[in-house]
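So the structure is just underneath, and the comments pick up after that.
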Amino acid sequence: MSRFSYFEDGHAVALNLIDLEPETGSHPLTSDDLKGTPALITLLLVNNNITHIHENAFPPTIRKLHVGFNNLTSLNNSLRGLTDLNWLFLNNNRLKSLEGQLGTLSKLQLLVIEQNQLEALPSDIQLFSQLGSLYANNNRITSLDGLLRGLTKLQVFNMDFNQITMVRRDEFQNLHNLDSISLQNNQITSMNSSLSGLTKLAYLYLSHNQLTEFLLDDIRGLKRLRTVDLSYNKINKFGTRNEGKVRSRWYITPGLYFSSLRLPFCSFTVGWTPKIWSIHLTKNRCTKIGHLYLLNYLKIFRKVGNKIVGQITCRFNRCT
């Protein structure tokens, strides 16, 4: 008999959701455990000390599966029959590789693989044309390997706290629905103009990397961009490729955050960010600030902790 079989008035009841309470003591999930649940849609096995999953352990009807916070080191081909799976949580395990384990999950919309020991994204991921959210933060991934280009419905992408050193120019090609990119706490030295064409991008988080420059040309035309966080980098060049030339109107984030950058010179000239409403330059190495008078939407300007020479004319509400 299945450990999840349920009877009422002597008749077996078809379960479509199982949420198992946390268990103590490690154990595997066997192919017998879920027998008798042919209508199962949602299975939550969070924090159950599962160490191993037998092949064919899951009913093929499952659409939402959470096996996070266990002790899994391998998936053992246990997901291959779940062709209707929409949500998959594998977070907070000890998985080192997912290669060859996810290839049949073509209907996947949400994938959470954070807090593991992964060194690379599985190559199967490029087949997930329905994927809307990918959380792969807190792993050991060193490269994106161009695997995202087929994820045309991807909206949320998070790979914080990995070991990525470079982003290829075509890394986000075709990802026109991206709303949020978070690559904080990596080792990225350059974004290589990879953000061009991401017209729906609203949030860009790149703090705690090794960036040495950030060119506004790379986010030109991104009309929905709301927040750019470049805190804790090594940026010494910030501006455009053609400083001094007349530039067309920019549509850039209303909030720029540059805490603890290494900026020896900061120049805001010729109104290249007409819709920006806040600039945070706290605790940088700025010595000079260019003209701000064309930033008609600017309301907040923070410059505490710098060594700025000369006066700044503020036509906005808060200039500190």
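The way I read the labels, and the way they are meant: chains A, B, ... in the order of the structure tokens, residue 1 as the first residue of every chain, and ligand 1 as the first ligand shown, with later ones counted on from there.
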
Close residues, Ser97 in chain A itself excluded, 8 Å, only C-alpha atoms, min 3 positions apart in chain, as a PyMOL selection string: chain A and resi 74+117-120+122

Could the residues in this selection be saved with C-alpha atoms as an mmCIF file, in the first residue's frame?
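Here's the written file part_36.cif:
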```cif
data_model
loop_
_atom_site.group_PDB
_atom_site.id
_atom_site.type_symbol
_atom_site.label_atom_id
_atom_site.label_comp_id
_atom_site.auth_asym_id
_atom_site.auth_seq_id
_atom_site.Cartn_x
_atom_site.Cartn_y
_atom_site.Cartn_z
ATOM 1 C CA SER A 74 21.174 13.510 -7.712
ATOM 2 C CA GLN A 117 26.378 23.208 -5.587
ATOM 3 C CA LEU A 118 25.768 23.523 -9.326
ATOM 4 C CA GLU A 119 28.760 24.442 -11.464
ATOM 5 C CA ALA A 120 26.780 24.984 -14.668
ATOM 6 C CA PRO A 122 21.945 22.217 -17.574
#
```

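The gap separating CA of Asn48 in chain A from CA of Asp33 in chain A is 13.7 Å, in Å to one decimal.
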
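Proximity to Arg168 in chain A was assessed for A:Asn186, A:Asn192, A:Ser180, A:Leu127 counting only C-alpha atoms; the smallest distance is recorded for A:Asn192.
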
Top pick for closest residue to Leu110 in chain A, considering A:Leu211, A:Leu43, A:Leu90, A:Leu131 and counting only C-alpha atoms: A:Leu131
